[in-house]
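S.K.: My structure is stored as protein_13.csv, with CSV, C-alpha atoms.
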chain,number,residue,atom,x,y,z
A,1,MET,CA,127.0,44.8,-139.9
A,2,VAL,CA,130.4,43.8,-138.5
A,3,ALA,CA,128.8,41.2,-136.4
A,4,TYR,CA,127.1,39.7,-139.4
A,5,ILE,CA,130.4,39.7,-141.3
A,6,LYS,CA,132.0,37.9,-138.4
A,7,ALA,CA,129.4,35.2,-138.3
A,8,LEU,CA,129.8,34.6,-142.0
A,9,ALA,CA,133.6,34.8,-142.3
A,10,VAL,CA,134.6,33.1,-138.9
A,11,SER,CA,131.8,30.9,-137.8
A,12,LYS,CA,130.2,29.7,-141.0
A,13,GLU,CA,133.0,29.8,-143.7
A,14,GLY,CA,136.1,29.6,-141.5
A,15,TRP,CA,138.0,32.1,-143.8
A,16,LEU,CA,139.6,33.8,-140.7
A,17,SER,CA,140.3,32.9,-137.1
A,18,GLU,CA,138.6,35.0,-134.5
A,19,ASP,CA,141.9,36.6,-133.5
A,20,ASP,CA,142.6,37.6,-137.1
A,21,PHE,CA,139.1,39.0,-137.4
A,22,ASN,CA,139.4,41.0,-134.2
A,23,GLU,CA,142.8,42.4,-135.4
A,24,GLY,CA,141.0,43.5,-138.6
A,25,VAL,CA,138.3,45.4,-136.5
A,26,VAL,CA,141.1,47.3,-134.8
A,27,LEU,CA,142.7,48.2,-138.1
A,28,CYS,CA,139.5,49.3,-139.7
A,29,GLN,CA,138.6,51.5,-136.8
A,30,ALA,CA,142.0,53.1,-136.9
A,31,ILE,CA,142.0,54.1,-140.6
A,32,PRO,CA,139.6,56.3,-142.6
A,33,GLY,CA,136.4,54.9,-144.2
A,34,ALA,CA,133.2,53.0,-143.3
A,35,THR,CA,134.1,50.3,-140.8
A,36,ALA,CA,131.7,47.6,-142.1
A,37,LEU,CA,132.9,48.1,-145.7
A,38,GLN,CA,136.5,48.0,-144.7
A,39,MET,CA,135.8,44.8,-142.7
A,40,ALA,CA,134.3,43.2,-145.8
A,41,ALA,CA,137.4,44.1,-147.8
A,42,TYR,CA,139.7,42.9,-144.9
A,43,VAL,CA,138.0,39.5,-145.0
A,44,GLY,CA,138.7,39.2,-148.7
A,45,LEU,CA,142.3,40.4,-148.2
A,46,ARG,CA,143.1,37.8,-145.5
A,47,ALA,CA,141.3,35.0,-147.3
A,48,SER,CA,142.8,35.4,-150.7
A,49,GLY,CA,144.8,38.6,-151.3
A,50,PRO,CA,144.3,42.2,-152.7
A,51,MET,CA,142.0,41.2,-155.6
A,52,ALA,CA,139.7,39.3,-153.2
A,53,ALA,CA,139.6,42.4,-151.1
A,54,VAL,CA,138.4,44.4,-154.1
A,55,VAL,CA,135.8,41.7,-154.9
A,56,SER,CA,134.5,41.6,-151.3
A,57,PHE,CA,134.3,45.4,-151.2
A,58,LEU,CA,132.4,45.6,-154.4
A,59,GLY,CA,130.0,42.8,-153.3
A,60,PHE,CA,129.2,44.6,-150.1
A,61,ALA,CA,128.8,48.1,-151.7
A,62,LEU,CA,127.0,47.2,-154.9
A,63,PRO,CA,123.5,46.7,-153.5
A,64,ALA,CA,123.6,50.1,-151.7
A,65,PHE,CA,124.9,51.8,-154.8
A,66,LEU,CA,122.2,50.4,-157.1
A,67,LEU,CA,119.5,51.3,-154.6
A,68,MET,CA,120.8,54.8,-154.1
A,69,LEU,CA,121.1,55.3,-157.8
A,70,SER,CA,117.5,54.3,-158.2
A,71,LEU,CA,116.4,56.5,-155.4
A,72,SER,CA,118.4,59.5,-156.8
A,73,ALA,CA,116.7,59.1,-160.2
A,74,LEU,CA,113.2,58.9,-158.5
A,75,TYR,CA,114.1,62.0,-156.4
A,76,VAL,CA,114.9,64.1,-159.5
A,77,TRP,CA,111.8,62.8,-161.3
A,78,GLY,CA,109.4,63.5,-158.4
A,79,GLN,CA,110.7,66.8,-157.1
A,80,GLU,CA,107.6,68.7,-158.2
A,81,LEU,CA,105.1,66.1,-157.0
A,82,GLY,CA,103.1,67.0,-153.9
A,83,GLY,CA,103.6,63.7,-152.2
A,84,VAL,CA,107.4,63.7,-152.7
A,85,VAL,CA,107.7,67.3,-151.4
A,86,ALA,CA,105.7,66.4,-148.3
A,87,LEU,CA,107.8,63.3,-147.8
A,88,PHE,CA,111.1,65.3,-147.7
A,89,GLN,CA,109.6,68.1,-145.6
A,90,GLY,CA,109.5,65.5,-142.7
A,91,LEU,CA,112.6,63.7,-143.6
A,92,LYS,CA,114.7,66.8,-143.2
A,93,VAL,CA,113.9,67.0,-139.5
A,94,ILE,CA,114.5,63.3,-139.2
A,95,VAL,CA,118.0,63.8,-140.6
A,96,VAL,CA,118.6,66.3,-137.9
A,97,ALA,CA,117.6,63.7,-135.3
A,98,ILE,CA,119.9,61.1,-137.1
A,99,VAL,CA,123.0,63.3,-137.0
A,100,LEU,CA,122.2,64.4,-133.4
A,101,ASN,CA,122.1,60.7,-132.4
A,102,ALA,CA,125.4,60.1,-134.2
A,103,THR,CA,126.9,63.0,-132.3
A,104,TRP,CA,125.7,61.6,-129.0
A,105,GLY,CA,127.0,58.1,-129.9
A,106,PHE,CA,130.4,59.5,-130.9
A,107,GLY,CA,130.6,61.6,-127.8
A,108,ARG,CA,129.6,58.9,-125.4
A,109,ARG,CA,132.2,56.5,-126.9
A,110,LEU,CA,135.1,59.0,-127.2
A,111,LEU,CA,134.8,61.9,-124.7
A,112,HIS,CA,136.0,60.8,-121.3
A,113,ASN,CA,137.9,63.8,-119.8
A,114,PRO,CA,138.2,67.6,-120.1
A,115,ARG,CA,140.8,67.4,-122.8
A,116,ASP,CA,138.5,65.3,-125.0
A,117,PHE,CA,135.6,67.8,-124.5
A,118,LEU,CA,137.9,70.7,-125.2
A,119,LEU,CA,139.0,69.3,-128.5
A,120,ALA,CA,135.4,68.6,-129.6
A,121,LEU,CA,134.1,72.0,-128.6
A,122,LEU,CA,137.1,73.7,-130.2
A,123,ALA,CA,136.5,71.8,-133.4
A,124,ALA,CA,132.9,72.9,-133.5
A,125,GLY,CA,133.8,76.5,-132.7
A,126,LEU,CA,136.4,76.7,-135.4
A,127,LEU,CA,133.9,75.4,-138.0
A,128,LEU,CA,131.4,77.9,-136.9
A,129,GLN,CA,134.0,80.6,-137.6
A,130,GLY,CA,134.4,79.2,-141.1
A,131,LEU,CA,137.6,77.2,-140.9
A,132,SER,CA,137.9,74.2,-143.2
A,133,PRO,CA,137.1,70.9,-141.5
A,134,PHE,CA,140.3,69.4,-143.1
A,135,ALA,CA,142.4,72.0,-141.3
A,136,VAL,CA,140.5,71.3,-138.0
A,137,ILE,CA,141.3,67.6,-138.4
A,138,GLY,CA,145.0,68.3,-139.0
A,139,GLY,CA,145.1,70.6,-136.0
A,140,ALA,CA,143.4,68.0,-133.8
A,141,ALA,CA,146.0,65.4,-134.8
A,142,LEU,CA,148.8,67.7,-133.8
A,143,ALA,CA,147.0,68.7,-130.6
A,144,GLY,CA,146.5,65.0,-129.7
A,145,ILE,CA,150.2,64.3,-129.9
A,146,PHE,CA,150.8,66.9,-127.2
A,147,LEU,CA,147.6,66.5,-125.1
A,148,TYR,CA,147.6,62.7,-124.7
A,149,ARG,CA,151.2,62.1,-123.6
A,150,GLU,CA,150.1,59.4,-121.1
A,151,LEU,CA,148.7,57.2,-124.0
A,152,ALA,CA,150.8,54.1,-124.7
A,153,PRO,CA,150.7,52.3,-128.1
A,154,GLY,CA,148.1,49.6,-128.6
A,155,ALA,CA,148.9,45.9,-128.0
A,156,LEU,CA,150.6,44.3,-130.9
A,157,PRO,CA,148.7,41.8,-133.0
A,158,SER,CA,150.0,38.3,-133.6
A,159,ALA,CA,152.3,39.0,-136.5
A,160,PRO,CA,152.7,41.2,-139.6
A,161,HIS,CA,151.4,39.7,-142.8
A,162,GLY,CA,154.0,41.0,-145.2
A,163,GLY,CA,157.1,43.2,-145.6
A,164,ALA,CA,157.9,46.8,-146.5
A,165,ALA,CA,159.0,45.8,-150.0
A,166,SER,CA,155.6,44.2,-150.8
A,167,VAL,CA,153.8,47.3,-149.4
A,168,ALA,CA,156.0,49.6,-151.5
A,169,ARG,CA,155.2,47.6,-154.7
A,170,GLN,CA,151.4,47.7,-153.9
A,171,ALA,CA,151.6,51.4,-153.1
A,172,LEU,CA,153.3,52.1,-156.4
A,173,THR,CA,150.8,50.1,-158.4
A,174,ILE,CA,147.8,51.7,-156.7
A,175,GLY,CA,149.3,55.2,-157.0
A,176,LEU,CA,149.9,54.8,-160.7
A,177,ALA,CA,146.4,53.4,-161.4
A,178,VAL,CA,144.8,56.3,-159.5
A,179,ALA,CA,147.0,58.9,-161.1
A,180,LEU,CA,146.2,57.6,-164.6
A,181,VAL,CA,142.4,57.6,-163.9
A,182,LEU,CA,142.6,61.1,-162.5
A,183,ALA,CA,144.7,62.3,-165.4
A,184,ALA,CA,142.2,60.9,-167.9
A,185,LEU,CA,139.3,62.6,-166.1
A,186,TYR,CA,141.2,65.9,-166.0
A,187,LEU,CA,141.8,65.8,-169.8
A,188,LEU,CA,138.3,64.6,-170.7
A,189,ASP,CA,136.0,66.4,-168.2
A,190,GLY,CA,137.1,69.0,-165.6
A,191,GLU,CA,133.9,68.8,-163.6
A,192,LEU,CA,134.1,65.0,-163.2
A,193,PHE,CA,137.8,65.4,-162.2
A,194,SER,CA,136.8,67.9,-159.5
A,195,LEU,CA,134.0,65.5,-158.3
A,196,ALA,CA,136.5,62.6,-158.0
A,197,VAL,CA,139.1,64.7,-156.2
A,198,VAL,CA,136.6,66.0,-153.7
A,199,MET,CA,135.3,62.5,-152.9
A,200,MET,CA,138.8,61.1,-152.5
A,201,LYS,CA,139.7,63.9,-150.2
A,202,VAL,CA,136.6,63.4,-148.1
A,203,ASP,CA,137.3,59.6,-147.8
A,204,LEU,CA,141.0,60.1,-146.8
A,205,PHE,CA,140.0,62.3,-143.8
A,206,ALA,CA,136.9,60.4,-142.7
A,207,PHE,CA,138.3,58.7,-139.5
A,208,GLY,CA,135.9,57.1,-137.1
A,209,GLY,CA,133.3,55.6,-139.5
A,210,ALA,CA,131.0,56.6,-142.3
A,211,PHE,CA,129.2,59.4,-140.3
A,212,ALA,CA,132.6,61.2,-140.0
A,213,ALA,CA,132.3,61.9,-143.8
A,214,LEU,CA,129.2,64.1,-143.3
A,215,PRO,CA,130.9,67.3,-142.1
A,216,LEU,CA,133.5,67.0,-144.8
A,217,LEU,CA,130.9,66.4,-147.6
A,218,LEU,CA,128.8,69.3,-146.3
A,219,HIS,CA,131.8,71.6,-146.4
A,220,GLU,CA,133.0,70.6,-149.9
A,221,VAL,CA,129.7,70.0,-151.7
A,222,VAL,CA,127.6,72.8,-150.2
A,223,LYS,CA,129.9,75.5,-148.9
A,224,VAL,CA,132.9,75.4,-151.2
A,225,ARG,CA,131.6,74.0,-154.5
A,226,GLY,CA,127.9,75.0,-154.3
A,227,TRP,CA,126.9,71.8,-156.1
A,228,LEU,CA,123.9,71.3,-153.8
A,229,GLN,CA,121.7,73.5,-151.6
A,230,PRO,CA,121.8,72.5,-147.9
A,231,GLU,CA,118.2,71.1,-148.0
A,232,VAL,CA,119.0,69.0,-151.1
A,233,PHE,CA,122.1,67.6,-149.4
A,234,MET,CA,119.9,66.7,-146.4
A,235,ASP,CA,117.6,64.9,-148.7
A,236,GLY,CA,120.5,62.8,-149.9
A,237,VAL,CA,121.5,62.0,-146.4
A,238,ALA,CA,117.9,60.8,-145.7
A,239,LEU,CA,118.0,58.6,-148.8
A,240,GLY,CA,121.3,57.2,-147.6
A,241,GLN,CA,119.6,55.9,-144.4
A,242,VAL,CA,117.2,53.6,-146.3
A,243,THR,CA,120.0,51.8,-148.2
A,244,PRO,CA,121.7,48.7,-147.0
A,245,GLY,CA,125.1,50.4,-146.6
A,246,PRO,CA,127.0,53.2,-145.0
A,247,VAL,CA,125.8,56.8,-145.0
A,248,VAL,CA,128.7,57.8,-147.2
A,249,ILE,CA,126.8,56.2,-150.1
A,250,THR,CA,125.3,59.7,-150.2
A,251,ALA,CA,128.2,60.3,-152.6
A,252,THR,CA,126.2,58.4,-155.2
A,253,PHE,CA,123.3,60.9,-154.8
A,254,ILE,CA,125.7,63.9,-155.0
A,255,GLY,CA,127.3,62.6,-158.1
A,256,TYR,CA,123.9,61.9,-159.7
A,257,MET,CA,122.7,65.4,-158.9
A,258,VAL,CA,125.9,66.9,-160.3
A,259,ARG,CA,126.3,64.9,-163.5
A,260,GLY,CA,123.7,62.1,-163.8
A,261,LEU,CA,124.7,58.5,-164.1
A,262,VAL,CA,128.3,59.1,-165.0
A,263,GLY,CA,128.7,61.5,-162.0
A,264,ALA,CA,127.2,58.9,-159.7
A,265,LEU,CA,129.7,56.2,-160.9
A,266,VAL,CA,132.7,58.6,-160.6
A,267,ALA,CA,131.6,59.9,-157.1
A,268,THR,CA,131.0,56.4,-155.7
A,269,VAL,CA,134.2,54.9,-157.0
A,270,ALA,CA,136.2,57.9,-155.8
A,271,VAL,CA,134.7,58.0,-152.3
A,272,PHE,CA,135.7,54.4,-151.7
A,273,THR,CA,139.1,54.2,-153.4
A,274,PRO,CA,141.4,55.9,-150.8
A,275,SER,CA,140.1,54.0,-147.8
A,276,LEU,CA,140.3,50.6,-149.6
A,277,SER,CA,143.8,51.4,-150.8
A,278,VAL,CA,144.9,52.4,-147.2
A,279,LEU,CA,143.5,49.1,-145.9
A,280,VAL,CA,145.4,47.0,-148.5
A,281,LEU,CA,148.6,48.9,-147.9
A,282,LEU,CA,148.5,49.0,-144.1
A,283,ALA,CA,147.2,45.5,-143.3
A,284,PRO,CA,150.7,43.9,-143.8
A,285,VAL,CA,152.5,46.4,-141.5
A,286,PHE,CA,149.7,47.3,-139.0
A,287,ALA,CA,151.6,45.7,-136.1
A,288,ARG,CA,154.3,48.3,-136.5
A,289,LEU,CA,151.8,51.2,-136.9
A,290,ARG,CA,149.9,50.1,-133.7
A,291,GLY,CA,153.2,50.3,-131.9
A,292,SER,CA,153.6,54.0,-132.7
A,293,VAL,CA,152.9,56.3,-129.7
A,294,LEU,CA,152.5,59.3,-132.1
A,295,PHE,CA,149.9,57.4,-134.2
A,296,HIS,CA,147.9,56.5,-131.1
A,297,ARG,CA,147.9,60.0,-129.7
A,298,ALA,CA,147.1,61.7,-133.1
A,299,THR,CA,144.3,59.3,-133.8
A,300,ARG,CA,142.7,60.1,-130.4
A,301,GLY,CA,142.8,63.8,-131.2
A,302,VAL,CA,141.2,63.3,-134.6
A,303,LEU,CA,138.4,61.2,-133.3
A,304,CYS,CA,137.6,63.6,-130.5
A,305,SER,CA,137.5,66.5,-133.1
A,306,PHE,CA,134.8,64.5,-135.1
A,307,VAL,CA,132.4,64.9,-132.2
A,308,GLY,CA,132.7,68.6,-132.6
A,309,LEU,CA,132.4,68.3,-136.4
A,310,LEU,CA,129.2,66.3,-136.1
A,311,LEU,CA,127.8,68.8,-133.6
A,312,PHE,CA,128.4,71.5,-136.2
A,313,VAL,CA,126.6,69.5,-138.8
A,314,THR,CA,123.6,69.0,-136.4
A,315,LEU,CA,123.4,72.8,-135.9
A,316,ARG,CA,123.8,73.5,-139.6
A,317,PHE,CA,121.1,71.0,-140.6
A,318,ALA,CA,118.7,72.3,-137.9
A,319,LEU,CA,119.1,75.8,-139.2
A,320,SER,CA,118.4,74.6,-142.7
A,321,ALA,CA,115.1,72.9,-141.8
A,322,ASP,CA,111.8,74.8,-142.0
A,323,TRP,CA,110.4,74.2,-138.5
A,324,ASP,CA,106.8,74.3,-137.2
A,325,VAL,CA,105.1,72.5,-134.3
A,326,ALA,CA,104.4,69.3,-136.3
A,327,LYS,CA,108.0,69.0,-137.4
A,328,ALA,CA,109.3,69.7,-133.9
A,329,LEU,CA,107.1,66.9,-132.6
A,330,LEU,CA,108.3,64.6,-135.4
A,331,PHE,CA,111.9,65.5,-134.6
A,332,ALA,CA,111.4,64.8,-130.9
A,333,ALA,CA,109.8,61.4,-131.6
A,334,SER,CA,112.6,60.4,-134.0
A,335,ALA,CA,115.4,61.6,-131.7
A,336,GLY,CA,113.8,59.8,-128.7
A,337,ALA,CA,113.5,56.6,-130.6
A,338,LEU,CA,117.0,56.7,-131.9
A,339,LEU,CA,118.5,57.5,-128.6
A,340,ARG,CA,116.6,54.5,-127.1
A,341,GLY,CA,118.3,52.2,-129.7
A,342,ALA,CA,115.7,52.0,-132.5
A,343,GLU,CA,117.0,51.0,-135.9
A,344,ILE,CA,117.6,54.0,-138.2
A,345,VAL,CA,115.9,52.5,-141.2
A,346,TYR,CA,112.7,51.9,-139.3
A,347,VAL,CA,112.7,55.4,-138.0
A,348,VAL,CA,113.2,56.8,-141.5
A,349,LEU,CA,110.5,54.7,-143.1
A,350,LEU,CA,107.9,55.3,-140.3
A,351,GLY,CA,108.8,59.0,-140.4
A,352,ALA,CA,108.4,59.1,-144.2
A,353,GLY,CA,104.8,57.7,-143.8
A,354,VAL,CA,104.0,60.3,-141.1
A,355,SER,CA,105.5,63.0,-143.3
A,356,VAL,CA,103.2,62.2,-146.3
A,357,LEU,CA,100.2,62.3,-144.0
A,358,LEU,CA,101.1,65.5,-142.1
A,359,PHE,CA,102.7,67.7,-144.8
If you took the structure in this file and wrote it as structure tokens, what would it be?
M.R.:
Amino acid sequence: MVAYIKALAVSKEGWLSEDDFNEGVVLCQAIPGATALQMAAYVGLRASGPMAAVVSFLGFALPAFLLMLSLSALYVWGQELGGVVALFQGLKVIVVAIVLNATWGFGRRLLHNPRDFLLALLAAGLLLQGLSPFAVIGGAALAGIFLYRELAPGALPSAPHGGAASVARQALTIGLAVALVLAALYLLDGELFSLAVVMMKVDLFAFGGAFAALPLLLHEVVKVRGWLQPEVFMDGVALGQVTPGPVVITATFIGYMVRGLVGALVATVAVFTPSLSVLVLLAPVFARLRGSVLFHRATRGVLCSFVGLLLFVTLRFALSADWDVAKALLFAASAGALLRGAEIVYVVLLGAGVSVLLF
């Protein structure tokens, strides 16, 4: 999706230079959130300021939200129908293949030496022992500072795009707006307040792209809050793979299952607000941040830990699936296709058809 955004913003419309766009890619990969969504917002930010960033972000996310909202409603309506039950019997093992493929992709891109593998395996082991993934991420950041002493800061981009005073004003405005909304939710509806806080917390810690949110969502929504059963959560992940957006749009499904339409709206807005705010705040001073050795080392540690977190999710999802020979074969075919580079949406749609026929 980033390639399509670049073709539109740089080649077709000329809103950004190629150097500016590439600087944005580095920024969006270094901060939490879904990279493609962040890049859409970055284009708006550089083209016409913070409000344009919000508009670009909404324009990119809205189709995925509307489709996921529709799919969530259909899911609730059809839960007792034989065809729907059969569909999700197969999709559960396809989700295991999807997360396994994401784990492999993360690992191949990020793990290059024994220290990287050690952090990843340690993260998975600590999760298996019941430790919170948020504590694991914090520990990985600290470990990265000490383990990767040879890392130098990244090359500085062309120039900062603003000053500390401007960033401080924007931070104050954003902080007040978020605090007012959260206060209103707290006074009006405690459950919606909890839903918003959970989604914001997940988004703030989801470094490395949208898949990084899965272990955090699984922990908060299934283990801590008990809002969804593991198999229902897996169904939401599967639905997220047939929408034109990031896997974190599963938040819409979670919100709908918890509190219907209002819950879907609150969860979706909340899961995107922190990363969009971080983007708007850090873009003007990113040159300085990229020059920080501590930032560079801590980020490396966090990203390596996410390989372990995704490995844990793969194991958890595999244990939640109801396996038989047909499902094992469907899993193997799906995993093989994904590892060979097949598009996820085609694997999900084809697997859905096979599921209805087999189960």
S.K.: State, in Å with one decimal place, the distance from CA of Gln89 in chain A to CA of Ala212 in chain A.
M.R.: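 Separating CA of Gln89 in chain A from CA of Ala212 in chain A is a distance of 24.7 Å.
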S.K.: List the spatial neighbours of Leu261 in chain A as a PyMOL selection string - criterion: any atom at most 12 Å away, only C-alpha atoms, same-chain residues fewer than 6 positions off excluded.
M.R.: chain A and resi 65-66+68-70+72-73+192+252-255+267-268
S.K.: So, counting only C-alpha atoms, which residue among A:Ala179, A:Ala352, A:Ala141, A:Val313 is closest to Arg300 in chain A?
M.R.: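 The shortest atom-to-atom distance to Arg300 in chain A comes from A:Ala141.
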S.K.: Neighbouring residues of Tyr42 in chain A were defined as those with any atom within 8 Å, considering only C-alpha atoms; residues of the same chain fewer than 3 positions away were excluded. Please report them as an MDAnalysis selection string.
M.R.: chainID A and resid 24 38:39 45:46 53 279:280
S.K.: For CA of Ala135 in chain A and CA of Leu282 in chain A, quote the distance in Å rounded to one decimal.
M.R.: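 For CA of Ala135 in chain A relative to CA of Leu282 in chain A, the distance reads 24.0 Å.
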S.K.: For the point (144.3, 57.4, -133.7) in the file's frame, write as number ranges by chain all residues with an atom no more than 9 Å away, counting only C-alpha atoms.
M.R.: A: 29-31, 141, 144, 207, 294-303
S.K.: Which one of A:Gly139, A:Pro284, A:Gly263, A:Gly105 sits closest to Glu23 in chain A if you count all atoms listed in the file?
M.R.: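 Answer, going by the shortest atom-to-atom distance: A:Pro284.
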S.K.: When distances are computed from only C-alpha atoms, which of A:Trp323, A:Phe88, A:Phe306, A:Trp104 shows the smallest separation from Met234 in chain A?
M.R.: A:Phe88
S.K.: With all atoms listed in the file as the basis for distance, which of A:Leu330, A:Val345, A:Leu289, A:Ala196 is at the shortest distance from Lys92 in chain A?
M.R.: A:Leu330
S.K.: Select, from A:Lys223, A:Val247, A:Glu343, A:Leu357, the residue with the minimum atom-to-atom distance to Gly130 in chain A, counting all atoms listed in the file.
M.R.: A:Lys223
S.K.: What is the CA of Val347 in chain A to CA of Ala97 in chain A distance in Å?
M.R.: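 About the pair CA of Val347 in chain A and CA of Ala97 in chain A: they are 10.0 Å apart.
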S.K.: In terms of the shortest atom-to-atom distance over only C-alpha atoms, which of A:Tyr148, A:Phe359, A:Phe117, A:Trp15 is closest to Ser48 in chain A?
M.R.: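 Checking each of A:Tyr148, A:Phe359, A:Phe117, A:Trp15 against Ser48 in chain A, counting only C-alpha atoms, the winner is A:Trp15.
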S.K.: Give me the residues within 9 Å of Cys304 in chain A as a PyMOL selection string, counting all atoms listed in the file and dropping any in the same chain fewer than 3 places off.
M.R.: chain A and resi 106-107+110-111+116-120+123+140+299-301+307-308
S.K.: Show which residues sit within 7 Å of Gly236 in chain A, as a PyMOL selection string. Count only C-alpha atoms, and ignore same-chain residues fewer than 4 positions away.
M.R.: chain A and resi 232+240+250+253
